Amino acid sequence: MRLQAAGVKLGYGDRLIVDGLDLGIEAGTVTTIIGPNGCGKSTLLRALGRLLKPQGGEVLLDGKRIDRIPTREVAKILGMLPQAPTAPEGLTVADLVARGRHPHQTWYRQWSSDDEGAVAAALDMTGLADLAERPLDELSGGQRQRAWISMALAQGTDLLLLDEPTTFLDLAHQVEVLELVRHLHEEAGRTVVMVLHDLNLAARYADRLVAMRAGRVIASGTPHEVLTEDLLREVFELDAKIIADPVAGTPLVVPIRPLSHPAP
Amino acid sequence: MSATAVAPRLHDLRGRRFTVLLVLFASVAVAVVLSITIGSKSVPPADAWHALTAPTGTENDIVIRSLRVPRTVLGVLAGLALGVAGALMQGHTRNPLADPGLLGVTQGAAFAMVSSIILFGASSLLVYIWFGLVGALVASVAVFALGMAGGRGGPTPVTLALAGTAVSALLYALTSAIVLLDEQAMDVFRFWQAGSIAARGGDVVWQVLPFILAGLVLAMVNAPGLNALSLGEDVARSLGQNIPMTRAVGVAAVTLLSGAAVAACGSLAFVGLIVPHLARPLSGTDHRWLLPYSGLIGAALLLVADVIGRVVAPPGELEVGVVLALLGAPFFVALVRRRKPVRL
């Protein structure tokens, strides 16, 4: 178990969003968390990435409490890309990706050949080498997202948490980003946990799905085990039909109507 | 393109940044030569060299050694300090219009100086400056503490700006009240407020030097953390950065740098506002380069403005603060109009 939440209680101030949740992430898997808006999936991801301190319970990284490991050491093991990150204007792709090397640098040794190699490799893997000197704000949404993922890759962690990496992207760019995630997993053996909204893409690109509702895990397992018509009714209050994806063979959700709207 | 092809280009970029750094060093050197040789009494470079290396007590030697050199060194120090402090301040607040005065240092220094006159009858420049320094430091600590009071996990740029504005307004009101009551305080305050590096001896340079050096070291230590912070707090924390610590070091650096510069030279915080905008097109957004570039540009700008002030209104001189405002304001307006405002 690389990453584990044990009885975590999560919230902001007095408002508790997740009340006692258990979840384990196996090494070398792509896990996708799904659930309706406000179900606590981003909150959970932030806690797994030690951006949010649990009010109860604990998060374990490789069996050790994550809040007891120096944050810089965690940053060498676990990379996290929050939802819709913003960069200062004029920041170039190469500069952004180079900042992923931050945890490996000390104030007296700011740049090494390791850093240079990691940045070049990350740019290469995301296909951004030719755009390295372009400012981020001149790129398309998909390219920009790839640049942020490159930054997380340059960080050199084998655990990656991605919070809605496909938000604001059109379908082609969503697939482009998820193909990159698959590539990272298959070629580089990285463990990925992400939050996604699109259930069909989630089913196609994840080894394991975790379905959440109101701060609780309702189901977890392979996409075939999790994505059932019953589950969609329970978690999303959606009447839907599940068929086999004609391309990948994974479950494909065909929505019929929300449960709150009775049939005409 | 393969990884092996990207690496040399990243390497070139770093080479280019070193070249710019050398050019900026050279411009400061040129400004230093101008500042030593030009003035109400012009000194030929050969005589200036003579005064610096083997003085024999000629009139030129005395002018150079006791007036021009301390003035020039103070100009370099204040320019460095304000340029770096301005870039730090804009980086931490992610606000392109922030200047180092935002932490209350200017009004803190002013209030402490005029208080020293009416309360302790202080009457020498060195004493004023000590009080100014302490006032700047105390005001900025108060701003930091107030900014922290509201929320958990350290002050945010917004709470800092609010606290800074409130503390500055209060101190400004008190200073105004004092100078209206006391003629000597009014006189000192008037000249201090204009902003000048003239008529301050070598002792003033030694007085502020340790503070500025300490501030410069803290600033450079802060640069990588500031780079991480400029990607947002969540990303910075994911990259392993301790955010409250980064903010505290940044505020300490700004306080030392701008506090020392302002106490010694008066309200020149405007330098800190413009200089980062000149440096950014050369350095990009990397604070490890932006901070030194801003410091060097600040030093060159301050010296050149001072030299202009010495020659435009003979036989008198215009204070450097006035020249900077006269030149800087239209320039700044043009800069803002020419490009869209930067988002930091």
# chains A, B, ... in the order shown; residues from 1 in each chain; ligands from 1

$ interface_residues --of "chain A" --to "chain B" --cutoff "9 Å" --atoms "only C-alpha atoms" --output "MDAnalysis selection string"
chainID A and resid 49:51 70:76 78:82 85:92 94:96 99:103 105:108 110 116:117 119:125 127:130 132:133 152 155

$ residues_around --residues "range 327-331 of chain B" --least-positions-apart "6" --cutoff "12 Å" --atoms "only C-alpha atoms" --output "ChimeraX atom specification"
/B:268-275,277-278,301-302,304-306,308-309,320-321,337-338

$ residues_around --residues "Ala122 in chain B" --least-positions-apart "6" --cutoff "10 Å" --atoms "only C-alpha atoms" --output "ChimeraX atom specification"
/B:113-116,128,131,185

$ residues_around --residues "Gly295 in chain B" --least-positions-apart "2" --cutoff "6 Å" --atoms "only C-alpha atoms" --output "ChimeraX atom specification"
/B:80,83-84,292-293,297-298

$ atom_distance --atom1 "CA of Arg68 in chain B" --atom2 "CA of Ser35 in chain B"
7.1 Å

$ atom_distance --atom1 "CA of Val192 in chain A" --atom2 "CA of Glu26 in chain A"
9.6 Å

$ atom_distance --atom1 "CA of Lys53 in chain A" --atom2 "CA of Val18 in chain A"
12.2 Å

$ residues_around --residues "range 231-245 of chain A" --least-positions-apart "5" --cutoff "8 Å" --atoms "only C-alpha atoms" --output "number ranges by chain"
A: 35-36, 211-213, 218-219, 226, 250-260

$ write_last_selection --atoms "C-alpha atoms" --output "CSV table (one decimal), in the first residue's frame"
chain,number,residue,atom,x,y,z
A,35,GLY,CA,-18.7,11.3,-7.4
A,36,PRO,CA,-21.1,14.2,-7.7
A,211,ALA,CA,-17.1,6.2,-6.1
A,212,MET,CA,-17.9,8.7,-3.3
A,213,ARG,CA,-21.0,10.4,-2.1
A,218,ILE,CA,-19.8,3.9,-1.7
A,219,ALA,CA,-17.9,1.4,-3.9
A,226,VAL,CA,-18.0,-0.2,-9.7
A,250,THR,CA,-14.9,-0.9,-20.5
A,251,PRO,CA,-18.3,0.1,-19.1
A,252,LEU,CA,-20.0,3.0,-21.0
A,253,VAL,CA,-22.6,5.1,-19.2
A,254,VAL,CA,-25.6,6.2,-21.3
A,255,PRO,CA,-27.6,8.6,-19.2
A,256,ILE,CA,-31.4,8.4,-19.3
A,257,ARG,CA,-32.7,10.9,-16.8
A,258,PRO,CA,-32.0,12.2,-13.3
A,259,LEU,CA,-34.1,10.4,-10.6
A,260,SER,CA,-35.5,13.7,-9.5

$ residues_around --residues "Met194 in chain A" --least-positions-apart "3" --cutoff "10 Å" --atoms "only C-alpha atoms" --output "list in words"
Val30, Thr31, Thr32, Ile33, Ile34, Lys41, Ser42, Leu45, Met80, Leu81, Leu160, Leu161, Leu162, Asp163, Glu164, Pro165, Val181, Ala202, Ala206 and Leu209 of chain A

$ select_by_dssp --residues "range 17-114 of chain A" --states "strand (DSSP E or B)" --output "PyMOL selection string"
chain A and resi 17-25+30-34+56-61+64-65+78-81+92

$ decode --residues "range 152-174 of chain A" --atoms "N, CA and C atoms" --output "compact mmCIF listing (two decimals), in the first residue's frame"
# COMPACT_ATOMS: atom_id res chain seq x y z
N ALA A 152 5.12 18.43 -12.64
CA ALA A 152 4.98 17.38 -11.63
C ALA A 152 5.89 16.19 -11.96
N LEU A 153 6.10 15.93 -13.26
CA LEU A 153 6.98 14.83 -13.66
C LEU A 153 8.44 15.15 -13.33
N ALA A 154 8.83 16.40 -13.60
CA ALA A 154 10.22 16.80 -13.33
C ALA A 154 10.52 16.68 -11.85
N GLN A 155 9.48 16.76 -11.04
CA GLN A 155 9.64 16.59 -9.60
C GLN A 155 10.20 15.19 -9.29
N GLY A 156 9.98 14.26 -10.24
CA GLY A 156 10.60 12.94 -10.12
C GLY A 156 9.98 12.05 -9.07
N THR A 157 8.68 12.20 -8.83
CA THR A 157 8.02 11.35 -7.84
C THR A 157 7.36 10.18 -8.55
N ASP A 158 7.27 9.02 -7.87
CA ASP A 158 6.57 7.95 -8.56
C ASP A 158 5.11 7.86 -8.14
N LEU A 159 4.69 8.78 -7.27
CA LEU A 159 3.28 8.90 -6.91
C LEU A 159 2.78 10.25 -7.41
N LEU A 160 1.69 10.25 -8.14
CA LEU A 160 1.19 11.51 -8.69
C LEU A 160 -0.29 11.65 -8.36
N LEU A 161 -0.67 12.79 -7.77
CA LEU A 161 -2.08 13.05 -7.52
C LEU A 161 -2.53 14.18 -8.44
N LEU A 162 -3.57 13.95 -9.22
CA LEU A 162 -4.02 14.95 -10.18
C LEU A 162 -5.49 15.30 -9.88
N ASP A 163 -5.74 16.56 -9.56
CA ASP A 163 -7.10 16.97 -9.25
C ASP A 163 -7.76 17.54 -10.51
N GLU A 164 -8.68 16.79 -11.07
CA GLU A 164 -9.38 17.18 -12.30
C GLU A 164 -8.44 17.71 -13.36
N PRO A 165 -7.52 16.86 -13.84
CA PRO A 165 -6.55 17.34 -14.82
C PRO A 165 -7.18 17.70 -16.17
N THR A 166 -8.44 17.36 -16.37
CA THR A 166 -9.05 17.60 -17.67
C THR A 166 -10.07 18.74 -17.65
N THR A 167 -10.21 19.43 -16.52
CA THR A 167 -11.17 20.54 -16.44
C THR A 167 -10.88 21.58 -17.51
N PHE A 168 -11.90 22.14 -18.06
CA PHE A 168 -11.80 23.22 -19.05
C PHE A 168 -11.20 22.78 -20.38
N LEU A 169 -11.01 21.47 -20.58
CA LEU A 169 -10.43 21.03 -21.84
C LEU A 169 -11.51 20.43 -22.73
N ASP A 170 -11.37 20.60 -24.05
CA ASP A 170 -12.31 19.94 -24.94
C ASP A 170 -11.99 18.45 -24.99
N LEU A 171 -12.87 17.68 -25.60
CA LEU A 171 -12.76 16.22 -25.52
C LEU A 171 -11.40 15.71 -26.03
N ALA A 172 -10.97 16.27 -27.17
CA ALA A 172 -9.70 15.80 -27.75
C ALA A 172 -8.56 16.04 -26.77
N HIS A 173 -8.57 17.22 -26.13
CA HIS A 173 -7.49 17.52 -25.20
C HIS A 173 -7.60 16.70 -23.92
N GLN A 174 -8.86 16.37 -23.53
CA GLN A 174 -9.02 15.49 -22.36
C GLN A 174 -8.37 14.14 -22.63
